[in-house]
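final_33.txt, holding compact mmCIF, N, CA and C atoms:
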```txt
# COMPACT_ATOMS: atom_id res chain seq x y z
N MET A 1 1.08 -9.59 20.11
CA MET A 1 -0.13 -8.80 19.91
C MET A 1 -0.07 -7.56 20.79
N ASN A 2 -0.54 -6.47 20.23
CA ASN A 2 -0.69 -5.25 20.99
C ASN A 2 -1.95 -5.41 21.86
N ARG A 3 -1.76 -5.72 23.12
CA ARG A 3 -2.88 -6.04 24.02
C ARG A 3 -3.87 -4.89 24.19
N ASP A 4 -3.45 -3.67 23.90
CA ASP A 4 -4.36 -2.52 23.97
C ASP A 4 -5.47 -2.61 22.93
N LEU A 5 -5.29 -3.46 21.92
CA LEU A 5 -6.27 -3.59 20.84
C LEU A 5 -7.34 -4.64 21.12
N ILE A 6 -7.17 -5.43 22.17
CA ILE A 6 -8.15 -6.49 22.47
C ILE A 6 -9.58 -5.95 22.56
N PRO A 7 -9.83 -4.81 23.23
CA PRO A 7 -11.21 -4.30 23.29
C PRO A 7 -11.79 -3.91 21.92
N GLN A 8 -10.94 -3.75 20.91
CA GLN A 8 -11.42 -3.36 19.59
C GLN A 8 -11.80 -4.55 18.70
N ILE A 9 -11.54 -5.77 19.17
CA ILE A 9 -11.84 -6.95 18.35
C ILE A 9 -13.34 -7.10 18.11
N ASP A 10 -14.16 -6.97 19.16
CA ASP A 10 -15.61 -7.09 18.97
C ASP A 10 -16.15 -6.00 18.05
N PRO A 11 -15.77 -4.71 18.22
CA PRO A 11 -16.23 -3.70 17.26
C PRO A 11 -15.75 -3.97 15.83
N LEU A 12 -14.55 -4.55 15.68
CA LEU A 12 -14.06 -4.91 14.36
C LEU A 12 -14.98 -5.94 13.71
N ILE A 13 -15.32 -6.99 14.45
CA ILE A 13 -16.20 -8.03 13.92
C ILE A 13 -17.58 -7.44 13.58
N GLU A 14 -18.11 -6.64 14.48
CA GLU A 14 -19.42 -6.02 14.24
C GLU A 14 -19.40 -5.16 12.98
N ARG A 15 -18.34 -4.37 12.79
CA ARG A 15 -18.26 -3.51 11.60
C ARG A 15 -18.22 -4.35 10.34
N LEU A 16 -17.34 -5.35 10.31
CA LEU A 16 -17.23 -6.19 9.12
C LEU A 16 -18.52 -6.96 8.86
N GLN A 17 -19.18 -7.45 9.91
CA GLN A 17 -20.44 -8.17 9.73
C GLN A 17 -21.53 -7.25 9.19
N SER A 18 -21.45 -5.96 9.50
CA SER A 18 -22.45 -5.01 8.98
C SER A 18 -22.31 -4.83 7.47
N TRP A 19 -21.22 -5.30 6.90
CA TRP A 19 -20.98 -5.19 5.47
C TRP A 19 -21.46 -6.43 4.70
N TYR A 20 -22.09 -7.39 5.36
CA TYR A 20 -22.56 -8.61 4.67
C TYR A 20 -23.35 -8.23 3.43
N GLY A 21 -23.07 -8.91 2.33
CA GLY A 21 -23.76 -8.67 1.07
C GLY A 21 -23.13 -7.59 0.22
N ALA A 22 -22.21 -6.81 0.80
CA ALA A 22 -21.57 -5.72 0.07
C ALA A 22 -20.34 -6.23 -0.69
N GLN A 23 -19.96 -5.48 -1.71
CA GLN A 23 -18.69 -5.72 -2.39
C GLN A 23 -17.59 -5.12 -1.50
N VAL A 24 -16.59 -5.93 -1.17
CA VAL A 24 -15.51 -5.49 -0.30
C VAL A 24 -14.19 -5.71 -1.01
N GLU A 25 -13.41 -4.64 -1.12
CA GLU A 25 -12.07 -4.75 -1.69
C GLU A 25 -11.09 -5.08 -0.58
N ILE A 26 -10.24 -6.05 -0.83
CA ILE A 26 -9.20 -6.43 0.11
C ILE A 26 -7.86 -6.14 -0.55
N VAL A 27 -7.07 -5.30 0.10
CA VAL A 27 -5.73 -4.98 -0.38
C VAL A 27 -4.75 -5.47 0.67
N GLU A 28 -3.84 -6.32 0.26
CA GLU A 28 -2.83 -6.88 1.15
C GLU A 28 -1.46 -6.36 0.72
N GLN A 29 -0.74 -5.77 1.68
CA GLN A 29 0.62 -5.31 1.42
C GLN A 29 1.55 -5.98 2.43
N ILE A 30 2.54 -6.68 1.93
CA ILE A 30 3.50 -7.35 2.79
C ILE A 30 4.85 -6.68 2.59
N THR A 31 5.40 -6.16 3.69
CA THR A 31 6.69 -5.48 3.62
C THR A 31 7.76 -6.26 4.36
N ARG A 32 8.94 -6.27 3.76
CA ARG A 32 10.10 -6.88 4.40
C ARG A 32 10.85 -5.87 5.24
N SER A 33 10.32 -4.67 5.33
CA SER A 33 10.91 -3.59 6.12
C SER A 33 9.81 -2.99 6.99
N PRO A 34 9.47 -3.62 8.14
CA PRO A 34 8.37 -3.15 8.98
C PRO A 34 8.40 -1.64 9.23
N GLY A 35 7.19 -1.06 9.11
CA GLY A 35 7.05 0.38 9.27
C GLY A 35 7.25 1.15 7.98
N ASN A 36 7.56 0.43 6.90
CA ASN A 36 7.86 1.07 5.63
C ASN A 36 7.14 0.33 4.50
N LEU A 37 6.23 1.01 3.81
CA LEU A 37 5.52 0.40 2.68
C LEU A 37 6.11 0.83 1.34
N ASP A 38 7.38 1.21 1.33
CA ASP A 38 8.06 1.58 0.10
C ASP A 38 7.95 0.44 -0.90
N ARG A 39 7.69 0.76 -2.15
CA ARG A 39 7.46 -0.24 -3.19
C ARG A 39 8.65 -1.17 -3.41
N HIS A 40 9.83 -0.77 -2.99
CA HIS A 40 11.01 -1.61 -3.17
C HIS A 40 11.07 -2.76 -2.16
N PHE A 41 10.31 -2.64 -1.07
CA PHE A 41 10.32 -3.65 -0.01
C PHE A 41 8.97 -4.33 0.18
N THR A 42 7.98 -3.94 -0.63
CA THR A 42 6.60 -4.34 -0.38
C THR A 42 5.97 -5.01 -1.58
N THR A 43 5.26 -6.12 -1.33
CA THR A 43 4.44 -6.73 -2.37
C THR A 43 2.99 -6.34 -2.11
N ARG A 44 2.18 -6.33 -3.17
CA ARG A 44 0.79 -5.90 -3.04
C ARG A 44 -0.11 -6.83 -3.84
N SER A 45 -1.22 -7.23 -3.21
CA SER A 45 -2.24 -8.04 -3.88
C SER A 45 -3.59 -7.44 -3.55
N SER A 46 -4.55 -7.58 -4.46
CA SER A 46 -5.89 -7.07 -4.17
C SER A 46 -6.94 -7.87 -4.93
N PHE A 47 -8.14 -7.89 -4.37
CA PHE A 47 -9.28 -8.50 -5.04
C PHE A 47 -10.55 -7.96 -4.39
N VAL A 48 -11.68 -8.20 -5.05
CA VAL A 48 -12.98 -7.75 -4.54
C VAL A 48 -13.87 -8.98 -4.40
N MET A 49 -14.53 -9.08 -3.24
CA MET A 49 -15.47 -10.19 -3.01
C MET A 49 -16.79 -9.64 -2.48
N ARG A 50 -17.84 -10.43 -2.68
CA ARG A 50 -19.11 -10.14 -2.03
C ARG A 50 -19.02 -10.84 -0.67
N LEU A 51 -19.00 -10.05 0.40
CA LEU A 51 -18.77 -10.58 1.75
C LEU A 51 -19.98 -11.35 2.26
N GLU A 52 -19.73 -12.58 2.73
CA GLU A 52 -20.80 -13.44 3.23
C GLU A 52 -20.61 -13.90 4.67
N LEU A 53 -19.37 -13.90 5.16
CA LEU A 53 -19.12 -14.42 6.51
C LEU A 53 -17.87 -13.78 7.09
N VAL A 54 -17.96 -13.41 8.37
CA VAL A 54 -16.81 -12.90 9.12
C VAL A 54 -16.82 -13.60 10.47
N MET A 55 -15.67 -14.11 10.88
CA MET A 55 -15.61 -14.76 12.19
C MET A 55 -14.17 -14.82 12.69
N ILE A 56 -14.04 -15.06 13.98
CA ILE A 56 -12.74 -15.31 14.61
C ILE A 56 -12.69 -16.78 14.96
N ALA A 57 -11.64 -17.46 14.54
CA ALA A 57 -11.42 -18.85 14.91
C ALA A 57 -10.46 -18.86 16.09
N MET A 58 -10.91 -19.36 17.22
CA MET A 58 -10.04 -19.43 18.39
C MET A 58 -8.85 -20.34 18.12
N SER A 59 -9.08 -21.40 17.36
CA SER A 59 -7.99 -22.28 16.96
C SER A 59 -7.14 -21.51 15.94
N GLY A 60 -5.96 -21.16 16.32
CA GLY A 60 -5.10 -20.40 15.42
C GLY A 60 -5.26 -18.90 15.55
N CYS A 61 -6.23 -18.45 16.34
CA CYS A 61 -6.44 -17.01 16.58
C CYS A 61 -6.49 -16.25 15.25
N THR A 62 -7.43 -16.65 14.39
CA THR A 62 -7.50 -16.15 13.02
C THR A 62 -8.80 -15.39 12.75
N LEU A 63 -8.67 -14.22 12.12
CA LEU A 63 -9.82 -13.49 11.60
C LEU A 63 -10.06 -14.01 10.19
N MET A 64 -11.29 -14.47 9.92
CA MET A 64 -11.60 -15.05 8.62
C MET A 64 -12.72 -14.27 7.94
N LEU A 65 -12.51 -13.92 6.68
CA LEU A 65 -13.53 -13.31 5.84
C LEU A 65 -13.78 -14.28 4.69
N SER A 66 -15.03 -14.51 4.40
CA SER A 66 -15.40 -15.44 3.34
C SER A 66 -16.46 -14.79 2.46
N GLY A 67 -16.39 -15.08 1.18
CA GLY A 67 -17.36 -14.52 0.26
C GLY A 67 -17.26 -15.16 -1.10
N THR A 68 -17.75 -14.45 -2.09
CA THR A 68 -17.74 -14.98 -3.45
C THR A 68 -17.23 -13.94 -4.43
N ILE A 69 -16.63 -14.48 -5.49
CA ILE A 69 -16.30 -13.70 -6.69
C ILE A 69 -16.97 -14.46 -7.82
N GLY A 70 -18.08 -13.94 -8.30
CA GLY A 70 -18.85 -14.67 -9.30
C GLY A 70 -19.36 -15.97 -8.71
N ASP A 71 -19.01 -17.09 -9.34
CA ASP A 71 -19.44 -18.40 -8.85
C ASP A 71 -18.41 -19.05 -7.92
N TYR A 72 -17.36 -18.34 -7.59
CA TYR A 72 -16.27 -18.93 -6.82
C TYR A 72 -16.27 -18.48 -5.37
N GLN A 73 -16.06 -19.43 -4.47
CA GLN A 73 -15.91 -19.15 -3.04
C GLN A 73 -14.48 -18.68 -2.79
N VAL A 74 -14.31 -17.59 -2.05
CA VAL A 74 -12.97 -17.08 -1.72
C VAL A 74 -12.91 -16.79 -0.22
N ASP A 75 -11.70 -16.85 0.31
CA ASP A 75 -11.48 -16.60 1.73
C ASP A 75 -10.23 -15.75 1.91
N TYR A 76 -10.20 -15.04 3.02
CA TYR A 76 -9.01 -14.27 3.40
C TYR A 76 -8.87 -14.38 4.90
N GLN A 77 -7.65 -14.61 5.37
CA GLN A 77 -7.42 -14.77 6.80
C GLN A 77 -6.26 -13.90 7.27
N THR A 78 -6.37 -13.43 8.50
CA THR A 78 -5.30 -12.71 9.17
C THR A 78 -5.10 -13.32 10.55
N THR A 79 -3.96 -13.07 11.14
CA THR A 79 -3.67 -13.63 12.46
C THR A 79 -3.86 -12.57 13.54
N VAL A 80 -4.83 -12.79 14.39
CA VAL A 80 -5.16 -11.82 15.43
C VAL A 80 -4.05 -11.74 16.47
N ASP A 81 -3.36 -12.85 16.73
CA ASP A 81 -2.33 -12.83 17.77
C ASP A 81 -1.08 -12.05 17.35
N CYS A 82 -0.98 -11.65 16.07
CA CYS A 82 0.13 -10.81 15.59
C CYS A 82 -0.33 -9.38 15.33
N LEU A 83 -1.55 -9.05 15.74
CA LEU A 83 -2.11 -7.72 15.49
C LEU A 83 -1.27 -6.64 16.16
N GLU A 84 -0.82 -5.69 15.35
CA GLU A 84 0.02 -4.60 15.84
C GLU A 84 -0.74 -3.27 15.90
N SER A 85 -1.59 -3.04 14.88
CA SER A 85 -2.42 -1.83 14.89
C SER A 85 -3.71 -2.09 14.14
N LEU A 86 -4.72 -1.30 14.48
CA LEU A 86 -6.06 -1.49 13.93
C LEU A 86 -6.75 -0.15 13.83
N SER A 87 -7.34 0.11 12.67
CA SER A 87 -8.10 1.33 12.46
C SER A 87 -9.44 0.93 11.86
N ILE A 88 -10.54 1.31 12.53
CA ILE A 88 -11.87 0.94 12.09
C ILE A 88 -12.64 2.20 11.69
N GLY A 89 -12.91 2.32 10.39
CA GLY A 89 -13.71 3.44 9.90
C GLY A 89 -15.07 2.94 9.45
N THR A 90 -15.90 3.84 8.97
CA THR A 90 -17.23 3.47 8.52
C THR A 90 -17.18 2.52 7.33
N ASP A 91 -16.34 2.83 6.35
CA ASP A 91 -16.26 2.03 5.13
C ASP A 91 -14.88 1.44 4.87
N GLU A 92 -13.98 1.53 5.87
CA GLU A 92 -12.63 1.02 5.67
C GLU A 92 -12.03 0.57 6.99
N VAL A 93 -11.34 -0.56 6.95
CA VAL A 93 -10.65 -1.09 8.12
C VAL A 93 -9.21 -1.37 7.71
N LEU A 94 -8.25 -0.95 8.54
CA LEU A 94 -6.85 -1.27 8.33
C LEU A 94 -6.39 -2.17 9.47
N PHE A 95 -5.91 -3.35 9.12
CA PHE A 95 -5.49 -4.38 10.07
C PHE A 95 -4.02 -4.66 9.80
N VAL A 96 -3.14 -4.37 10.77
CA VAL A 96 -1.70 -4.53 10.58
C VAL A 96 -1.17 -5.61 11.51
N GLU A 97 -0.52 -6.62 10.91
CA GLU A 97 0.12 -7.69 11.67
C GLU A 97 1.63 -7.49 11.58
N LYS A 98 2.32 -7.77 12.68
CA LYS A 98 3.78 -7.68 12.69
C LYS A 98 4.35 -9.05 13.01
N PHE A 99 5.25 -9.49 12.15
CA PHE A 99 5.89 -10.79 12.30
C PHE A 99 7.35 -10.58 12.69
N GLY A 100 7.57 -10.32 13.97
CA GLY A 100 8.92 -10.04 14.46
C GLY A 100 9.49 -8.79 13.82
N ASN A 101 10.78 -8.80 13.59
CA ASN A 101 11.45 -7.66 12.96
C ASN A 101 11.63 -7.84 11.46
N VAL A 102 11.07 -8.94 10.92
CA VAL A 102 11.35 -9.26 9.52
C VAL A 102 10.24 -8.92 8.54
N ALA A 103 8.99 -8.84 9.01
CA ALA A 103 7.90 -8.61 8.05
C ALA A 103 6.67 -8.04 8.75
N GLU A 104 5.85 -7.38 7.95
CA GLU A 104 4.60 -6.78 8.42
C GLU A 104 3.59 -6.93 7.29
N ARG A 105 2.34 -7.22 7.64
CA ARG A 105 1.28 -7.31 6.62
C ARG A 105 0.20 -6.29 6.95
N HIS A 106 -0.11 -5.46 5.97
CA HIS A 106 -1.18 -4.47 6.07
C HIS A 106 -2.34 -4.98 5.24
N SER A 107 -3.47 -5.25 5.88
CA SER A 107 -4.67 -5.69 5.18
C SER A 107 -5.71 -4.58 5.29
N THR A 108 -6.11 -4.05 4.14
CA THR A 108 -7.14 -3.01 4.11
C THR A 108 -8.41 -3.61 3.54
N PHE A 109 -9.51 -3.47 4.30
CA PHE A 109 -10.82 -3.94 3.87
C PHE A 109 -11.66 -2.69 3.60
N LYS A 110 -12.16 -2.56 2.40
CA LYS A 110 -12.92 -1.35 2.03
C LYS A 110 -14.26 -1.75 1.43
N ARG A 111 -15.34 -1.28 2.07
CA ARG A 111 -16.69 -1.54 1.53
C ARG A 111 -16.91 -0.65 0.33
N LEU A 112 -17.21 -1.28 -0.81
CA LEU A 112 -17.43 -0.53 -2.04
C LEU A 112 -18.90 -0.25 -2.28
N THR A 113 -19.78 -1.19 -1.89
CA THR A 113 -21.22 -1.00 -2.06
C THR A 113 -21.91 -1.49 -0.81
N SER A 114 -23.12 -1.05 -0.60
CA SER A 114 -23.87 -1.53 0.58
C SER A 114 -24.97 -2.46 0.16
```

What is this file in structure tokens?
Amino acid sequence: MNRDLIPQIDPLIERLQSWYGAQVEIVEQITRSPGNLDRHFTTRSSFVMRLELVMIAMSGCTLMLSGTIGDYQVDYQTTVDCLESLSIGTDEVLFVEKFGNVAERHSTFKRLTS
């Protein structure tokens, strides 16, 4: 973990919690070439949920987002102890995890509605 980011964890949680009830798009990009999101090395997944819960689980050091898509409960988790970079905007958060020299995951959370 990039220890310089520890002070940003509370503002991250506060920002995401301020989005409760909003439609939030989650875009996940996993690259096998850290530092490079070239389409030849990167997979991409995305979905939209109505955000209902944000929390950090000390067990496993995990950031958890929970919500619904229609009648279905959905969850998304990231690992805080692998956090490499973090950008917190008004309506968008970029959370980057680095898994050694072999992989990196970029999770973008974007508030679509308030």

Residue with smallest distance to Cys61 (chain A) - pool A:Leu94, A:Cys82, A:Met49, A:Ile30, counting all atoms listed in the file: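 With all atoms listed in the file as the atom set, the closest residue is A:Cys82.
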
Closest to Glu84 (chain A) among A:Phe99, A:Ile9, A:Val54, A:Glu14, using all atoms listed in the file?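 Selected residue with least distance to Glu84 (chain A): A:Phe99.
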
Taking the backbone alone, and naming residues the way the document does, which bits of chain A are strand (DSSP E or B) by DSSP, as a ChimeraX atom specification? /A:23-31,42-57,62-69,72-79,83-88,92-99,103-111

If you measure from CA of Asp81 (chain A) to CA of Leu51 (chain A), what distance in Å do you get, rounded to one decimal?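 Computed distance, CA of Asp81 (chain A) to CA of Leu51 (chain A), equals 23.1 Å.
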
Coordinates-based distance that separates CA of Arg111 (chain A) from atom N of Met64 (chain A) (Å, one decimal):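 Taking atom N of Met64 (chain A) and CA of Arg111 (chain A), their separation equals 16.3 Å.
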
Contacts of Gln77 (chain A) at 7 Å (only C-alpha atoms; same-chain gap of 2+ positions) as JSON, numbers by chain: {"A": [62, 63, 64, 65, 75, 79]}

Give me, please, the distance in Å between CA of Met1 (chain A) and CA of Val80 (chain A), quoted to one decimal. 7.4 Å

All residues 8 Å or closer to Val27 (chain A), all atoms listed in the file, same chain fewer than 6 positions away omitted, as a PDB file with N, CA and C atoms, in the coordinates of the input:
```pdb
ATOM      1  N   ARG A  44       2.180  -6.330  -3.170  1.00  0.00           N
ATOM      2  CA  ARG A  44       0.790  -5.900  -3.040  1.00  0.00           C
ATOM      3  C   ARG A  44      -0.110  -6.830  -3.840  1.00  0.00           C
ATOM      4  N   SER A  45      -1.220  -7.230  -3.210  1.00  0.00           N
ATOM      5  CA  SER A  45      -2.240  -8.040  -3.880  1.00  0.00           C
ATOM      6  C   SER A  45      -3.590  -7.440  -3.550  1.00  0.00           C
ATOM      7  N   SER A  46      -4.550  -7.580  -4.460  1.00  0.00           N
ATOM      8  CA  SER A  46      -5.890  -7.070  -4.170  1.00  0.00           C
ATOM      9  C   SER A  46      -6.940  -7.870  -4.930  1.00  0.00           C
ATOM     10  N   PHE A  47      -8.140  -7.890  -4.370  1.00  0.00           N
ATOM     11  CA  PHE A  47      -9.280  -8.500  -5.040  1.00  0.00           C
ATOM     12  C   PHE A  47     -10.550  -7.960  -4.390  1.00  0.00           C
ATOM     13  N   VAL A  48     -11.680  -8.200  -5.050  1.00  0.00           N
ATOM     14  CA  VAL A  48     -12.980  -7.750  -4.540  1.00  0.00           C
ATOM     15  C   VAL A  48     -13.870  -8.980  -4.400  1.00  0.00           C
ATOM     16  N   HIS A 106      -0.110  -5.460   5.970  1.00  0.00           N
ATOM     17  CA  HIS A 106      -1.180  -4.470   6.070  1.00  0.00           C
ATOM     18  C   HIS A 106      -2.340  -4.980   5.240  1.00  0.00           C
ATOM     19  N   SER A 107      -3.470  -5.250   5.880  1.00  0.00           N
ATOM     20  CA  SER A 107      -4.670  -5.690   5.180  1.00  0.00           C
ATOM     21  C   SER A 107      -5.710  -4.580   5.290  1.00  0.00           C
ATOM     22  N   THR A 108      -6.110  -4.050   4.140  1.00  0.00           N
ATOM     23  CA  THR A 108      -7.140  -3.010   4.110  1.00  0.00           C
ATOM     24  C   THR A 108      -8.410  -3.610   3.540  1.00  0.00           C
ATOM     25  N   PHE A 109      -9.510  -3.470   4.300  1.00  0.00           N
ATOM     26  CA  PHE A 109     -10.820  -3.940   3.870  1.00  0.00           C
ATOM     27  C   PHE A 109     -11.660  -2.690   3.600  1.00  0.00           C
ATOM     28  N   LYS A 110     -12.160  -2.560   2.400  1.00  0.00           N
ATOM     29  CA  LYS A 110     -12.920  -1.350   2.030  1.00  0.00           C
ATOM     30  C   LYS A 110     -14.260  -1.750   1.430  1.00  0.00           C
TER      31      LYS A 110
END
```

To test your reading of the structure, identify every residue in chain A that backbone DSSP assigns to helix (DSSP H, G or I), and report it as a ChimeraX atom specification. /A:3-17,80-82

Report, as lines of an AutoDock Vina configuration file, the axis-aligned box around all atoms of region 87-101 of chain A present in the file, extended by 3 Å on each side; give centre and edge lengths in Å to one decimal place.
```
center_x = -2.8
center_y = -3.5
center_z = 9.7
size_x = 34.9
size_y = 20.6
size_z = 15.6
```

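Ranking A:Ser66, A:Thr43, A:Ser85, A:Thr78 by their shortest atom-to-atom distance to Gln23 (chain A), with only C-alpha atoms included, puts A:Ser66 first.
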
Nearest to Asn2 (chain A): which of A:Met58, A:Ile88, A:Leu83, A:Val24 is it, counting all atoms listed in the file?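 Looking at the shortest contact to Asn2 (chain A), the residue is A:Leu83.
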
Which of these, A:Val93, A:Ile69, A:Leu53, A:Leu112, has the shortest distance to Arg15 (chain A) once you count only C-alpha atoms?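 Distance minimum relative to Arg15 (chain A) lands on A:Val93.
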
Counting all atoms listed in the file, the residue of A:Glu97, A:Glu52, A:Glu104, A:Asp71 that sits nearest Ala22 (chain A):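 Closest candidate: A:Glu52.
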
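Residues within 9 Å of Thr31 (chain A), counting only C-alpha atoms and excluding same-chain residues fewer than 4 positions away, are A:Gly35, A:Asn36, A:Leu37, A:Asp38, A:Arg39, A:His40, A:Phe41, A:Thr42, A:Thr43, A:Arg44, A:Val102, A:Ala103, A:Glu104, A:Arg105, A:His106.
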